[in-house]
Structure formats: C-alpha cells, structure tokens
Amino acid sequence: MEVFQGTTDFYTDGPAAVTLGKFDGVHLGHQKLIRRIRQMERDGMRSVVFALNARTGPMLLTMDEQKDAAERMGVSCLIQCPFVPAISGMSPEHFAEQILVKRLHAGYIAVGRDFRFGYRREGDASMLKELGKQHGFRVEVVEKEKYGDRDISSTFVREAVGQGKMELAAKLLGRPFSVKGVVMHGRRIGRTLGMPTVNLIPPEEKILPPNGVYASRTVIEGQVYQGVTNIGYKPTVGENFRGVETYLFDVDEDLYGKEIVTQLCRFQRPEQKFPSLELLKEQMHRDISSGKEYFLG
C-alpha cells in the first residue's frame, strides 16, 4: 500500500476510485465506503482513501493505526492529508479540480450522505455530483450503516469507548477497540507478585476507555494471547502517567521493545487503590479468573 502521511505533496496514477473523510476509527460505516472503492479495482481503478487529518483532540485511531486498518482492507493508496490552509482554504470547485482531478485522477468517488468539503464545508454530496458531471467522475452517495436505529459514526464509537462499553464498540468497529505500542520496562512489581506484565504508554492523541481492568487479547508478532489489562495510573504503587499494563495468561517471556496490539474486550472493574501489595495480588488473581471465564464464554 502506498502511503502519503502528513504531507500535501501527494499524487497518484489514475484512474482512481476515491473515498474521502476523516476516517477516525475506520468503523463499519467507513469500511462500507472502502469496500465500494475496492470493488472498482475490477474496472482497473486504484482504490484511494483520502483521510483529512483535522485532528484537534484525542482520536480513536492514531495515524499509524489508521494506516494498519486501511492496509488490512487492501487499499492501494492512503493519503493522510494535514488540515492546513492550503487545503482547508480551497473552495469546493477548486478542491475538485486541483485535488480530485489533477492529483488523484478520480474516475469514481464514494462518500456518505453527510459528506462536506471545501472552505467552511460549503460543498456537499449534491455539489460533488454536479462537479463530477463537469470533470468526468462518477459520485455514489452511500447510505450509513446502522446499529439498531442509530447511524454508526465516530461519535457513537467514542461514546461507547468513553463509557467502557467495549463489546458495543467492537460491534460498531467490526473489531475490538485496540491500543498499539512498544513494550517498555515497568517497575517489575507484577513480577515480584508472581504475575509479570507487559507495559506500554499509548500516544497522547489516543482515546482510552475509563481507567480499570479489562479482559483483553494481545497480538504479538502475529500470535494472539488472552489476558487482562489495566488502564490507568496504578494508584497502589503510584505512577505519574496513564499506562496500559497487561498480564498474559500462561506467558512469561521478555517482550521488551516488541510492538504489540492490545484489544480491550470487556470492562471488568474500575481501577482502585489497595492498602497493600498483598491485597492487590489477591485482586489480580480474581481479575485473572474473571478474564479466563470471559474467554471460556
């Protein structure tokens, strides 16, 4: 997959089937759009995801995780375009001519019915269709995916994650909500308690669910391990950063420096401070038992 990350200097050979948006989360609605452009590959088009990076706060996916999601879906090209004046100041007409036609060679474009583009979001899907008639590209307005009677959206996913409803988040995303990072050395307190853990500090821009303990799966070099994960500051021992600490069932290896992906499957309990390490150890055993029961299901 070809990737343009954080630059306005992008260009693709055409013809291209393009979908545009923020793609925060790459949830089921986004996946529907991506499947549409991938279907056009049979007509000789390249599938191009144009992800406008207008990030102003914590995001469901880091740029690296967004790239992983696009790659898993088999996209030919991902453009992670920064929201800079050179782009945000373009009128809809100028954007269509300069970006969609001259840079991307779009022959087909798939967007959602609430799609907006151009300076001050002045363009919509209807305008894009009219511009397509002028410039020779076809526009398909794709209906939203739904969960119950509600449209699946990044806002909906954020709500689920923010409330610790990880099973709902997984249904909206089509996969478990996950955190990617490199294993760092911790204070080895888990090891002293006979329960060694792997630690990572997520990027600042990454949204996390409420602090607490979660049943989890962790992917390491293609292998999937079940376990339990604590998100938070570990108040019993006191940390000054919000970390992601995972105990892997029946695994005791030195994983320092390895890249891992931890999938948060179910919220088990809030983070809490214990009067002693011995009481923390007892609770960790209960957390492990609860996690194993979840996976036995």
# chains A, B, ... in the order shown; residues from 1 in each chain; ligands from 1

$ closest_atom_pairs --of "stretch 135-251 of chain A" --to "stretch 96-118 of chain A" --cutoff "10 Å" --atoms "only C-alpha atoms" --output "tab-separated table"
residue	atom	partner	partner_atom	distance
A:His135	CA	A:Val101	CA	7.2
A:Gly136	CA	A:Gly107	CA	6.9
A:Phe137	CA	A:Gly107	CA	4.4
A:Arg138	CA	A:Tyr108	CA	4.7
A:Val139	CA	A:Ile109	CA	4.8
A:Glu140	CA	A:Ala110	CA	4.9
A:Val141	CA	A:Val111	CA	5.2
A:Val142	CA	A:Gly112	CA	5.0
A:Glu143	CA	A:Gly112	CA	6.2
A:Lys144	CA	A:Gly112	CA	6.7
A:Glu145	CA	A:Gly112	CA	9.9

$ select_by_dssp --residues "stretch 11-243 of chain A" --states "strand (DSSP E or B)" --output "compact mmCIF listing (two decimals) with all heavy atoms, in the first residue's frame"
# COMPACT_ATOMS: atom_id res chain seq x y z
N ALA A 16 -8.59 6.48 -10.58
CA ALA A 16 -8.69 6.09 -9.18
C ALA A 16 -10.14 6.09 -8.71
O ALA A 16 -10.95 6.90 -9.15
CB ALA A 16 -7.87 7.05 -8.31
N ALA A 17 -10.43 5.15 -7.81
CA ALA A 17 -11.69 5.13 -7.08
C ALA A 17 -11.38 5.67 -5.70
O ALA A 17 -10.54 5.11 -4.98
CB ALA A 17 -12.25 3.71 -6.99
N VAL A 18 -12.03 6.76 -5.32
CA VAL A 18 -11.64 7.52 -4.14
C VAL A 18 -12.78 7.60 -3.14
O VAL A 18 -13.95 7.75 -3.53
CB VAL A 18 -11.22 8.96 -4.55
CG1 VAL A 18 -10.77 9.76 -3.32
CG2 VAL A 18 -10.12 8.94 -5.61
N THR A 19 -12.45 7.51 -1.86
CA THR A 19 -13.39 7.88 -0.81
C THR A 19 -12.71 8.89 0.09
O THR A 19 -11.50 8.82 0.30
CB THR A 19 -13.90 6.66 -0.01
OG1 THR A 19 -14.92 7.10 0.90
CG2 THR A 19 -12.80 5.97 0.76
N LEU A 20 -13.50 9.85 0.60
CA LEU A 20 -12.94 10.96 1.35
C LEU A 20 -13.63 11.11 2.70
O LEU A 20 -14.83 10.86 2.82
CB LEU A 20 -13.09 12.28 0.57
CG LEU A 20 -12.55 12.35 -0.84
CD1 LEU A 20 -13.66 12.10 -1.85
CD2 LEU A 20 -11.90 13.71 -1.10
N GLY A 21 -12.88 11.56 3.70
CA GLY A 21 -13.44 11.80 5.03
C GLY A 21 -12.32 11.85 6.04
O GLY A 21 -11.14 11.88 5.70
N ARG A 46 -7.44 2.28 -9.18
CA ARG A 46 -6.75 2.16 -7.90
C ARG A 46 -7.69 2.62 -6.79
O ARG A 46 -8.42 3.59 -6.96
CB ARG A 46 -5.49 3.04 -7.86
CG ARG A 46 -4.40 2.66 -8.82
CD ARG A 46 -3.14 3.46 -8.50
NE ARG A 46 -2.46 2.93 -7.33
CZ ARG A 46 -1.66 3.65 -6.55
NH1 ARG A 46 -1.49 4.93 -6.77
NH2 ARG A 46 -1.05 3.09 -5.53
N SER A 47 -7.68 1.93 -5.67
CA SER A 47 -8.51 2.35 -4.54
C SER A 47 -7.70 3.32 -3.67
O SER A 47 -6.61 3.01 -3.22
CB SER A 47 -8.94 1.14 -3.71
OG SER A 47 -7.83 0.36 -3.31
N VAL A 48 -8.26 4.51 -3.47
CA VAL A 48 -7.57 5.58 -2.75
C VAL A 48 -8.44 6.09 -1.60
O VAL A 48 -9.58 6.51 -1.82
CB VAL A 48 -7.21 6.76 -3.70
CG1 VAL A 48 -6.56 7.89 -2.91
CG2 VAL A 48 -6.32 6.28 -4.83
N VAL A 49 -7.92 6.06 -0.39
CA VAL A 49 -8.58 6.65 0.77
C VAL A 49 -7.91 7.99 1.06
O VAL A 49 -6.71 8.03 1.34
CB VAL A 49 -8.49 5.73 2.01
CG1 VAL A 49 -9.04 6.45 3.24
CG2 VAL A 49 -9.27 4.44 1.77
N PHE A 50 -8.70 9.04 0.95
CA PHE A 50 -8.21 10.40 1.26
C PHE A 50 -8.72 10.75 2.65
O PHE A 50 -9.90 11.07 2.83
CB PHE A 50 -8.71 11.39 0.22
CG PHE A 50 -8.18 12.80 0.40
CD1 PHE A 50 -7.03 13.21 -0.27
CD2 PHE A 50 -8.82 13.69 1.24
CE1 PHE A 50 -6.54 14.49 -0.09
CE2 PHE A 50 -8.34 14.98 1.42
CZ PHE A 50 -7.18 15.38 0.75
N ALA A 51 -7.84 10.65 3.64
CA ALA A 51 -8.21 10.89 5.04
C ALA A 51 -7.71 12.27 5.45
O ALA A 51 -6.50 12.49 5.57
CB ALA A 51 -7.61 9.82 5.94
N LEU A 52 -8.64 13.18 5.63
CA LEU A 52 -8.28 14.54 6.02
C LEU A 52 -8.00 14.57 7.52
O LEU A 52 -8.88 14.28 8.33
CB LEU A 52 -9.40 15.51 5.66
CG LEU A 52 -9.07 17.00 5.81
CD1 LEU A 52 -7.90 17.38 4.91
CD2 LEU A 52 -10.28 17.85 5.46
N ASN A 53 -6.79 14.91 7.86
CA ASN A 53 -6.36 14.87 9.25
C ASN A 53 -6.63 16.20 9.94
O ASN A 53 -5.76 17.05 10.05
CB ASN A 53 -4.87 14.52 9.33
CG ASN A 53 -4.37 14.43 10.76
OD1 ASN A 53 -5.16 14.29 11.68
ND2 ASN A 53 -3.07 14.54 10.93
N MET A 59 -8.01 10.89 19.50
CA MET A 59 -8.61 10.21 18.37
C MET A 59 -8.78 8.72 18.66
O MET A 59 -8.04 8.13 19.45
CB MET A 59 -7.75 10.39 17.12
CG MET A 59 -7.45 11.84 16.78
SD MET A 59 -8.93 12.83 16.46
CE MET A 59 -9.46 12.17 14.89
N CYS A 77 -3.89 2.89 -1.91
CA CYS A 77 -3.21 4.12 -1.51
C CYS A 77 -3.97 4.81 -0.39
O CYS A 77 -5.19 4.94 -0.45
CB CYS A 77 -3.08 5.06 -2.73
SG CYS A 77 -2.32 6.66 -2.36
N LEU A 78 -3.23 5.24 0.63
CA LEU A 78 -3.80 6.02 1.73
C LEU A 78 -3.12 7.37 1.77
O LEU A 78 -1.89 7.46 1.83
CB LEU A 78 -3.59 5.30 3.07
CG LEU A 78 -3.94 6.10 4.33
CD1 LEU A 78 -5.43 6.41 4.39
CD2 LEU A 78 -3.48 5.35 5.58
N ILE A 79 -3.94 8.43 1.73
CA ILE A 79 -3.42 9.78 1.84
C ILE A 79 -3.90 10.36 3.17
O ILE A 79 -5.10 10.57 3.36
CB ILE A 79 -3.89 10.66 0.67
CG1 ILE A 79 -3.39 10.09 -0.65
CG2 ILE A 79 -3.44 12.11 0.85
CD1 ILE A 79 -4.02 10.71 -1.87
N GLN A 80 -2.98 10.58 4.09
CA GLN A 80 -3.30 11.18 5.39
C GLN A 80 -2.92 12.66 5.30
O GLN A 80 -1.82 13.07 5.62
CB GLN A 80 -2.55 10.46 6.51
CG GLN A 80 -3.00 9.01 6.67
CD GLN A 80 -2.18 8.24 7.68
OE1 GLN A 80 -0.95 8.29 7.65
NE2 GLN A 80 -2.84 7.52 8.58
N CYS A 81 -3.88 13.44 4.81
CA CYS A 81 -3.62 14.82 4.43
C CYS A 81 -3.81 15.76 5.63
O CYS A 81 -4.87 15.74 6.27
CB CYS A 81 -4.56 15.23 3.30
SG CYS A 81 -4.32 16.91 2.71
N PRO A 82 -2.84 16.59 5.94
CA PRO A 82 -3.00 17.53 7.05
C PRO A 82 -4.02 18.62 6.72
O PRO A 82 -4.15 19.04 5.56
CB PRO A 82 -1.59 18.12 7.22
CG PRO A 82 -0.97 17.99 5.88
CD PRO A 82 -1.52 16.73 5.28
N ALA A 106 -9.45 11.00 -10.25
CA ALA A 106 -10.63 10.26 -9.81
C ALA A 106 -11.57 9.95 -10.98
O ALA A 106 -11.92 10.83 -11.76
CB ALA A 106 -11.39 11.06 -8.75
N GLY A 107 -11.97 8.68 -11.06
CA GLY A 107 -12.99 8.28 -12.02
C GLY A 107 -14.28 7.93 -11.31
O GLY A 107 -15.36 7.94 -11.91
N TYR A 108 -14.16 7.61 -10.01
CA TYR A 108 -15.30 7.22 -9.18
C TYR A 108 -15.03 7.71 -7.77
O TYR A 108 -13.89 7.62 -7.26
CB TYR A 108 -15.47 5.70 -9.19
CG TYR A 108 -16.41 5.15 -8.14
CD1 TYR A 108 -17.77 5.03 -8.39
CD2 TYR A 108 -15.91 4.74 -6.90
CE1 TYR A 108 -18.63 4.53 -7.41
CE2 TYR A 108 -16.76 4.23 -5.92
CZ TYR A 108 -18.12 4.13 -6.19
OH TYR A 108 -18.96 3.64 -5.23
N ILE A 109 -16.07 8.24 -7.11
CA ILE A 109 -15.93 8.72 -5.73
C ILE A 109 -17.11 8.22 -4.91
O ILE A 109 -18.26 8.33 -5.34
CB ILE A 109 -15.87 10.25 -5.67
CG1 ILE A 109 -14.62 10.77 -6.41
CG2 ILE A 109 -15.85 10.74 -4.21
CD1 ILE A 109 -14.54 12.28 -6.49
N ALA A 110 -16.82 7.64 -3.76
CA ALA A 110 -17.86 7.19 -2.82
C ALA A 110 -17.78 8.04 -1.56
O ALA A 110 -16.72 8.18 -0.96
CB ALA A 110 -17.65 5.71 -2.47
N VAL A 111 -18.92 8.61 -1.18
CA VAL A 111 -19.00 9.41 0.05
C VAL A 111 -20.29 9.10 0.79
O VAL A 111 -21.23 8.56 0.20
CB VAL A 111 -18.94 10.94 -0.25
CG1 VAL A 111 -17.60 11.32 -0.84
CG2 VAL A 111 -20.09 11.36 -1.17
N GLY A 112 -20.34 9.46 2.06
CA GLY A 112 -21.56 9.32 2.84
C GLY A 112 -22.51 10.47 2.56
O GLY A 112 -22.10 11.51 2.03
N ARG A 116 -19.15 16.64 3.66
CA ARG A 116 -18.95 18.06 3.39
C ARG A 116 -17.49 18.28 3.02
O ARG A 116 -16.59 17.58 3.52
CB ARG A 116 -19.27 18.90 4.63
CG ARG A 116 -20.59 18.64 5.29
CD ARG A 116 -21.77 19.11 4.50
NE ARG A 116 -21.79 20.57 4.33
CZ ARG A 116 -22.85 21.24 3.89
NH1 ARG A 116 -23.97 20.58 3.58
NH2 ARG A 116 -22.81 22.55 3.75
N PHE A 117 -17.24 19.27 2.17
CA PHE A 117 -15.86 19.52 1.77
C PHE A 117 -15.71 20.97 1.33
O PHE A 117 -16.70 21.70 1.11
CB PHE A 117 -15.44 18.58 0.64
CG PHE A 117 -16.09 18.85 -0.69
CD1 PHE A 117 -15.36 19.38 -1.75
CD2 PHE A 117 -17.45 18.58 -0.90
CE1 PHE A 117 -15.96 19.64 -2.99
CE2 PHE A 117 -18.06 18.83 -2.13
CZ PHE A 117 -17.31 19.37 -3.17
N GLY A 123 -19.19 22.72 0.44
CA GLY A 123 -19.60 21.70 -0.52
C GLY A 123 -20.26 20.51 0.14
O GLY A 123 -19.92 20.15 1.26
N ASP A 124 -21.22 19.90 -0.53
CA ASP A 124 -21.86 18.69 -0.03
C ASP A 124 -21.90 17.64 -1.13
O ASP A 124 -21.36 17.83 -2.22
CB ASP A 124 -23.25 18.99 0.52
CG ASP A 124 -24.19 19.59 -0.54
OD1 ASP A 124 -23.85 19.57 -1.74
OD2 ASP A 124 -25.27 20.07 -0.15
N ARG A 138 -17.64 9.88 -11.54
CA ARG A 138 -18.95 9.45 -11.05
C ARG A 138 -18.96 9.47 -9.53
O ARG A 138 -17.97 9.06 -8.90
CB ARG A 138 -19.27 8.05 -11.57
CG ARG A 138 -20.63 7.51 -11.11
CD ARG A 138 -21.02 6.30 -11.93
NE ARG A 138 -20.17 5.14 -11.67
CZ ARG A 138 -20.42 4.22 -10.74
NH1 ARG A 138 -21.49 4.35 -9.96
NH2 ARG A 138 -19.63 3.19 -10.59
N VAL A 139 -20.05 9.93 -8.95
CA VAL A 139 -20.18 10.02 -7.50
C VAL A 139 -21.30 9.11 -7.01
O VAL A 139 -22.42 9.16 -7.54
CB VAL A 139 -20.45 11.46 -7.05
CG1 VAL A 139 -20.67 11.52 -5.53
CG2 VAL A 139 -19.30 12.38 -7.45
N GLU A 140 -21.00 8.28 -6.04
CA GLU A 140 -22.03 7.46 -5.39
C GLU A 140 -22.17 7.91 -3.94
O GLU A 140 -21.18 7.98 -3.20
CB GLU A 140 -21.66 5.98 -5.42
CG GLU A 140 -22.73 5.11 -4.75
CD GLU A 140 -22.36 3.64 -4.71
OE1 GLU A 140 -21.25 3.28 -5.12
OE2 GLU A 140 -23.20 2.85 -4.22
N VAL A 141 -23.39 8.23 -3.54
CA VAL A 141 -23.66 8.59 -2.15
C VAL A 141 -24.13 7.32 -1.44
O VAL A 141 -25.17 6.76 -1.78
CB VAL A 141 -24.72 9.70 -2.06
CG1 VAL A 141 -25.00 10.04 -0.60
CG2 VAL A 141 -24.25 10.95 -2.81
N VAL A 142 -23.34 6.88 -0.47
CA VAL A 142 -23.56 5.60 0.19
C VAL A 142 -24.31 5.82 1.50
O VAL A 142 -23.96 6.69 2.30
CB VAL A 142 -22.21 4.90 0.46
CG1 VAL A 142 -22.42 3.57 1.17
CG2 VAL A 142 -21.45 4.69 -0.86
N LYS A 146 -26.03 1.08 10.13
CA LYS A 146 -26.77 1.34 11.35
C LYS A 146 -26.53 0.27 12.40
O LYS A 146 -26.24 -0.89 12.08
CB LYS A 146 -28.27 1.43 11.06
CG LYS A 146 -28.70 2.72 10.34
CD LYS A 146 -30.21 2.78 10.19
CE LYS A 146 -30.66 4.12 9.64
NZ LYS A 146 -30.44 5.23 10.63
N TYR A 147 -26.66 0.68 13.66
CA TYR A 147 -26.72 -0.26 14.77
C TYR A 147 -28.02 0.05 15.50
O TYR A 147 -28.17 1.13 16.08
CB TYR A 147 -25.52 -0.10 15.70
CG TYR A 147 -25.55 -1.09 16.85
CD1 TYR A 147 -25.13 -2.40 16.68
CD2 TYR A 147 -26.04 -0.71 18.10
CE1 TYR A 147 -25.17 -3.32 17.72
CE2 TYR A 147 -26.08 -1.61 19.15
CZ TYR A 147 -25.65 -2.92 18.95
OH TYR A 147 -25.71 -3.82 19.98
N ARG A 150 -29.78 3.66 15.13
CA ARG A 150 -28.83 4.77 15.13
C ARG A 150 -27.74 4.58 14.08
O ARG A 150 -27.23 3.47 13.89
CB ARG A 150 -28.20 4.90 16.52
CG ARG A 150 -27.30 6.12 16.67
CD ARG A 150 -26.86 6.32 18.11
NE ARG A 150 -25.90 7.42 18.20
CZ ARG A 150 -25.30 7.78 19.31
NH1 ARG A 150 -25.55 7.14 20.44
NH2 ARG A 150 -24.44 8.80 19.31
N ASP A 151 -27.38 5.67 13.39
CA ASP A 151 -26.28 5.61 12.43
C ASP A 151 -24.98 5.32 13.15
O ASP A 151 -24.70 5.88 14.23
CB ASP A 151 -26.13 6.95 11.69
CG ASP A 151 -27.28 7.24 10.74
OD1 ASP A 151 -28.03 6.30 10.41
OD2 ASP A 151 -27.42 8.41 10.33
N PHE A 177 -11.81 -2.70 20.01
CA PHE A 177 -11.04 -1.47 20.18
C PHE A 177 -9.66 -1.84 20.70
O PHE A 177 -9.52 -2.66 21.61
CB PHE A 177 -11.74 -0.55 21.18
CG PHE A 177 -10.99 0.73 21.44
CD1 PHE A 177 -11.12 1.81 20.59
CD2 PHE A 177 -10.14 0.84 22.54
CE1 PHE A 177 -10.43 2.99 20.82
CE2 PHE A 177 -9.45 2.02 22.79
CZ PHE A 177 -9.59 3.09 21.92
N SER A 178 -8.62 -1.26 20.13
CA SER A 178 -7.27 -1.69 20.47
C SER A 178 -6.33 -0.52 20.70
O SER A 178 -6.61 0.62 20.30
CB SER A 178 -6.71 -2.60 19.38
OG SER A 178 -6.60 -1.89 18.15
N VAL A 179 -5.21 -0.83 21.35
CA VAL A 179 -4.15 0.14 21.61
C VAL A 179 -2.85 -0.48 21.14
O VAL A 179 -2.51 -1.61 21.52
CB VAL A 179 -4.05 0.47 23.11
CG1 VAL A 179 -2.98 1.54 23.34
CG2 VAL A 179 -5.39 0.93 23.67
N LYS A 180 -2.12 0.26 20.32
CA LYS A 180 -0.86 -0.23 19.76
C LYS A 180 0.31 0.51 20.38
O LYS A 180 0.24 1.72 20.62
CB LYS A 180 -0.86 -0.03 18.24
CG LYS A 180 0.40 -0.50 17.53
CD LYS A 180 0.27 -0.27 16.04
CE LYS A 180 1.51 -0.74 15.29
NZ LYS A 180 1.39 -0.53 13.83
N GLY A 181 1.38 -0.20 20.67
CA GLY A 181 2.55 0.46 21.21
C GLY A 181 3.72 -0.50 21.36
O GLY A 181 3.62 -1.69 21.05
N VAL A 182 4.82 0.03 21.84
CA VAL A 182 6.04 -0.76 22.06
C VAL A 182 6.17 -1.05 23.55
O VAL A 182 6.00 -0.16 24.39
CB VAL A 182 7.28 -0.01 21.55
CG1 VAL A 182 8.56 -0.76 21.88
CG2 VAL A 182 7.17 0.20 20.03
N MET A 184 7.54 -1.35 27.06
CA MET A 184 8.58 -0.63 27.79
C MET A 184 8.83 -1.31 29.13
O MET A 184 8.01 -2.10 29.61
CB MET A 184 8.15 0.81 28.03
CG MET A 184 6.81 0.94 28.75
SD MET A 184 6.44 2.61 29.28
CE MET A 184 7.52 2.75 30.69
N VAL A 198 3.24 -6.87 30.76
CA VAL A 198 3.86 -6.06 29.71
C VAL A 198 3.23 -4.67 29.77
O VAL A 198 2.03 -4.53 29.97
CB VAL A 198 3.69 -6.69 28.30
CG1 VAL A 198 4.51 -7.96 28.19
CG2 VAL A 198 2.24 -6.98 28.00
N ASN A 199 4.07 -3.66 29.61
CA ASN A 199 3.64 -2.28 29.78
C ASN A 199 3.86 -1.49 28.51
O ASN A 199 4.89 -1.64 27.84
CB ASN A 199 4.45 -1.61 30.90
CG ASN A 199 4.20 -2.25 32.25
OD1 ASN A 199 3.32 -1.84 32.98
ND2 ASN A 199 4.99 -3.27 32.58
N LEU A 200 2.90 -0.63 28.19
CA LEU A 200 3.11 0.33 27.12
C LEU A 200 2.45 1.65 27.50
O LEU A 200 1.51 1.69 28.28
CB LEU A 200 2.59 -0.19 25.77
CG LEU A 200 1.10 -0.46 25.57
CD1 LEU A 200 0.36 0.80 25.13
CD2 LEU A 200 0.89 -1.55 24.53
N LYS A 206 -4.21 9.31 21.57
CA LYS A 206 -5.06 8.13 21.55
C LYS A 206 -6.15 8.19 22.62
O LYS A 206 -5.87 8.37 23.81
CB LYS A 206 -4.19 6.88 21.77
CG LYS A 206 -4.96 5.56 21.85
CD LYS A 206 -5.52 5.14 20.52
CE LYS A 206 -6.19 3.78 20.60
NZ LYS A 206 -6.69 3.33 19.30
N GLY A 212 -9.36 1.20 34.51
CA GLY A 212 -9.89 -0.01 35.11
C GLY A 212 -9.26 -1.24 34.49
O GLY A 212 -8.27 -1.16 33.74
N VAL A 213 -9.85 -2.38 34.79
CA VAL A 213 -9.34 -3.68 34.34
C VAL A 213 -10.26 -4.23 33.26
O VAL A 213 -11.49 -4.18 33.39
CB VAL A 213 -9.23 -4.66 35.51
CG1 VAL A 213 -8.80 -6.05 35.03
CG2 VAL A 213 -8.24 -4.13 36.55
N TYR A 214 -9.65 -4.77 32.20
CA TYR A 214 -10.38 -5.27 31.04
C TYR A 214 -9.90 -6.67 30.67
O TYR A 214 -8.70 -6.96 30.75
CB TYR A 214 -10.15 -4.36 29.82
CG TYR A 214 -10.70 -2.97 29.99
CD1 TYR A 214 -10.02 -2.01 30.74
CD2 TYR A 214 -11.91 -2.59 29.42
CE1 TYR A 214 -10.53 -0.73 30.93
CE2 TYR A 214 -12.42 -1.31 29.59
CZ TYR A 214 -11.72 -0.39 30.34
OH TYR A 214 -12.24 0.88 30.51
N ALA A 215 -10.83 -7.53 30.27
CA ALA A 215 -10.44 -8.76 29.58
C ALA A 215 -9.88 -8.33 28.23
O ALA A 215 -10.43 -7.45 27.57
CB ALA A 215 -11.65 -9.67 29.40
N SER A 216 -8.77 -8.94 27.83
CA SER A 216 -8.10 -8.45 26.62
C SER A 216 -7.44 -9.57 25.83
O SER A 216 -7.19 -10.67 26.35
CB SER A 216 -7.03 -7.42 27.00
OG SER A 216 -6.02 -8.02 27.81
N ARG A 217 -7.19 -9.27 24.57
CA ARG A 217 -6.34 -10.10 23.73
C ARG A 217 -5.18 -9.23 23.27
O ARG A 217 -5.37 -8.06 22.95
CB ARG A 217 -7.09 -10.64 22.51
CG ARG A 217 -8.20 -11.62 22.83
CD ARG A 217 -8.79 -12.20 21.54
NE ARG A 217 -9.88 -13.13 21.80
CZ ARG A 217 -11.16 -12.77 21.87
NH1 ARG A 217 -11.50 -11.49 21.68
NH2 ARG A 217 -12.10 -13.65 22.10
N THR A 218 -4.00 -9.81 23.19
CA THR A 218 -2.82 -9.06 22.76
C THR A 218 -2.16 -9.79 21.60
O THR A 218 -1.92 -11.00 21.66
CB THR A 218 -1.83 -8.89 23.92
OG1 THR A 218 -2.46 -8.13 24.95
CG2 THR A 218 -0.57 -8.15 23.46
N VAL A 219 -1.90 -9.04 20.54
CA VAL A 219 -1.28 -9.60 19.34
C VAL A 219 0.21 -9.24 19.36
O VAL A 219 0.57 -8.06 19.42
CB VAL A 219 -1.93 -9.05 18.06
CG1 VAL A 219 -1.31 -9.70 16.82
CG2 VAL A 219 -3.45 -9.27 18.09
N ILE A 220 1.04 -10.27 19.33
CA ILE A 220 2.50 -10.09 19.35
C ILE A 220 3.08 -10.94 18.23
O ILE A 220 2.97 -12.16 18.24
CB ILE A 220 3.11 -10.53 20.69
CG1 ILE A 220 2.42 -9.83 21.87
CG2 ILE A 220 4.62 -10.25 20.71
CD1 ILE A 220 2.78 -10.39 23.22
N GLN A 223 0.91 -13.62 16.79
CA GLN A 223 0.30 -14.55 17.74
C GLN A 223 -0.65 -13.80 18.66
O GLN A 223 -0.36 -12.68 19.07
CB GLN A 223 1.39 -15.25 18.57
CG GLN A 223 2.31 -16.14 17.75
CD GLN A 223 1.59 -17.34 17.15
OE1 GLN A 223 0.84 -18.02 17.83
NE2 GLN A 223 1.84 -17.61 15.88
N VAL A 224 -1.77 -14.43 18.99
CA VAL A 224 -2.78 -13.80 19.85
C VAL A 224 -2.78 -14.47 21.22
O VAL A 224 -2.87 -15.70 21.32
CB VAL A 224 -4.19 -13.90 19.21
CG1 VAL A 224 -5.23 -13.23 20.12
CG2 VAL A 224 -4.20 -13.26 17.83
N TYR A 225 -2.68 -13.64 22.26
CA TYR A 225 -2.64 -14.13 23.63
C TYR A 225 -3.78 -13.52 24.43
O TYR A 225 -4.02 -12.31 24.34
CB TYR A 225 -1.31 -13.77 24.30
CG TYR A 225 -0.09 -14.29 23.56
CD1 TYR A 225 0.54 -13.50 22.60
CD2 TYR A 225 0.42 -15.56 23.82
CE1 TYR A 225 1.65 -13.96 21.92
CE2 TYR A 225 1.54 -16.03 23.14
CZ TYR A 225 2.15 -15.22 22.19
OH TYR A 225 3.26 -15.69 21.51
N GLN A 226 -4.46 -14.32 25.22
CA GLN A 226 -5.51 -13.81 26.09
C GLN A 226 -4.89 -13.30 27.38
O GLN A 226 -3.81 -13.72 27.79
CB GLN A 226 -6.51 -14.92 26.40
CG GLN A 226 -7.25 -15.43 25.17
CD GLN A 226 -8.11 -16.64 25.46
OE1 GLN A 226 -8.01 -17.23 26.52
NE2 GLN A 226 -8.94 -17.02 24.50
N GLY A 227 -5.61 -12.35 28.02
CA GLY A 227 -5.09 -11.82 29.26
C GLY A 227 -6.05 -10.81 29.87
O GLY A 227 -7.22 -10.73 29.50
N VAL A 228 -5.54 -10.06 30.83
CA VAL A 228 -6.29 -8.95 31.44
C VAL A 228 -5.40 -7.72 31.42
O VAL A 228 -4.18 -7.83 31.61
CB VAL A 228 -6.76 -9.26 32.88
CG1 VAL A 228 -7.87 -10.30 32.87
CG2 VAL A 228 -5.61 -9.70 33.76
N THR A 229 -6.01 -6.57 31.19
CA THR A 229 -5.27 -5.32 31.03
C THR A 229 -5.78 -4.28 32.01
O THR A 229 -7.00 -4.11 32.17
CB THR A 229 -5.43 -4.80 29.59
OG1 THR A 229 -4.82 -5.73 28.68
CG2 THR A 229 -4.77 -3.42 29.43
N ASN A 230 -4.85 -3.58 32.65
CA ASN A 230 -5.20 -2.44 33.49
C ASN A 230 -4.84 -1.15 32.77
O ASN A 230 -3.73 -1.00 32.26
CB ASN A 230 -4.45 -2.49 34.83
CG ASN A 230 -4.85 -1.35 35.75
OD1 ASN A 230 -5.87 -1.41 36.42
ND2 ASN A 230 -4.07 -0.27 35.76
N ILE A 231 -5.80 -0.24 32.71
CA ILE A 231 -5.57 1.09 32.17
C ILE A 231 -5.63 2.08 33.31
O ILE A 231 -6.59 2.08 34.09
CB ILE A 231 -6.60 1.45 31.09
CG1 ILE A 231 -6.40 0.55 29.87
CG2 ILE A 231 -6.49 2.92 30.68
CD1 ILE A 231 -7.39 0.79 28.77
N GLY A 232 -4.60 2.92 33.42
CA GLY A 232 -4.63 3.94 34.46
C GLY A 232 -3.28 4.23 35.06
O GLY A 232 -2.24 4.02 34.43
N GLY A 243 -0.94 4.50 31.84
CA GLY A 243 -0.37 3.42 31.06
C GLY A 243 -1.35 2.30 30.77
O GLY A 243 -2.49 2.29 31.26

$ residues_around --residues "A:Glu122" --least-positions-apart "4" --cutoff "12 Å" --atoms "only C-alpha atoms" --output "PyMOL selection string"
chain A and resi 88-95+115-118+126-128

$ residues_around --residues "A:Leu208" --least-positions-apart "2" --cutoff "8 Å" --atoms "only C-alpha atoms" --output "ChimeraX atom specification"
/A:161-162,206,210

$ atom_distance --atom1 "atom CA of A:Val26" --atom2 "atom CA of A:Leu255"
28.7 Å

$ closest_atom_pairs --of "stretch 36-114 of chain A" --to "stretch 258-271 of chain A" --cutoff "12 Å" --atoms "only C-alpha atoms" --output "tab-separated table"
residue	atom	partner	partner_atom	distance
A:Asp64	CA	A:Val261	CA	11.8
A:Glu65	CA	A:Val261	CA	9.7
A:Asp68	CA	A:Val261	CA	11.0

$ write_last_selection --atoms "C-alpha atoms" --output "mmCIF file, in the first residue's frame"
data_model
loop_
_atom_site.group_PDB
_atom_site.id
_atom_site.type_symbol
_atom_site.label_atom_id
_atom_site.label_comp_id
_atom_site.auth_asym_id
_atom_site.auth_seq_id
_atom_site.Cartn_x
_atom_site.Cartn_y
_atom_site.Cartn_z
ATOM 1 C CA ASP A 64 -0.247 4.532 12.428
ATOM 2 C CA GLU A 65 -3.339 2.567 13.487
ATOM 3 C CA ASP A 68 -2.909 -0.529 9.630
#
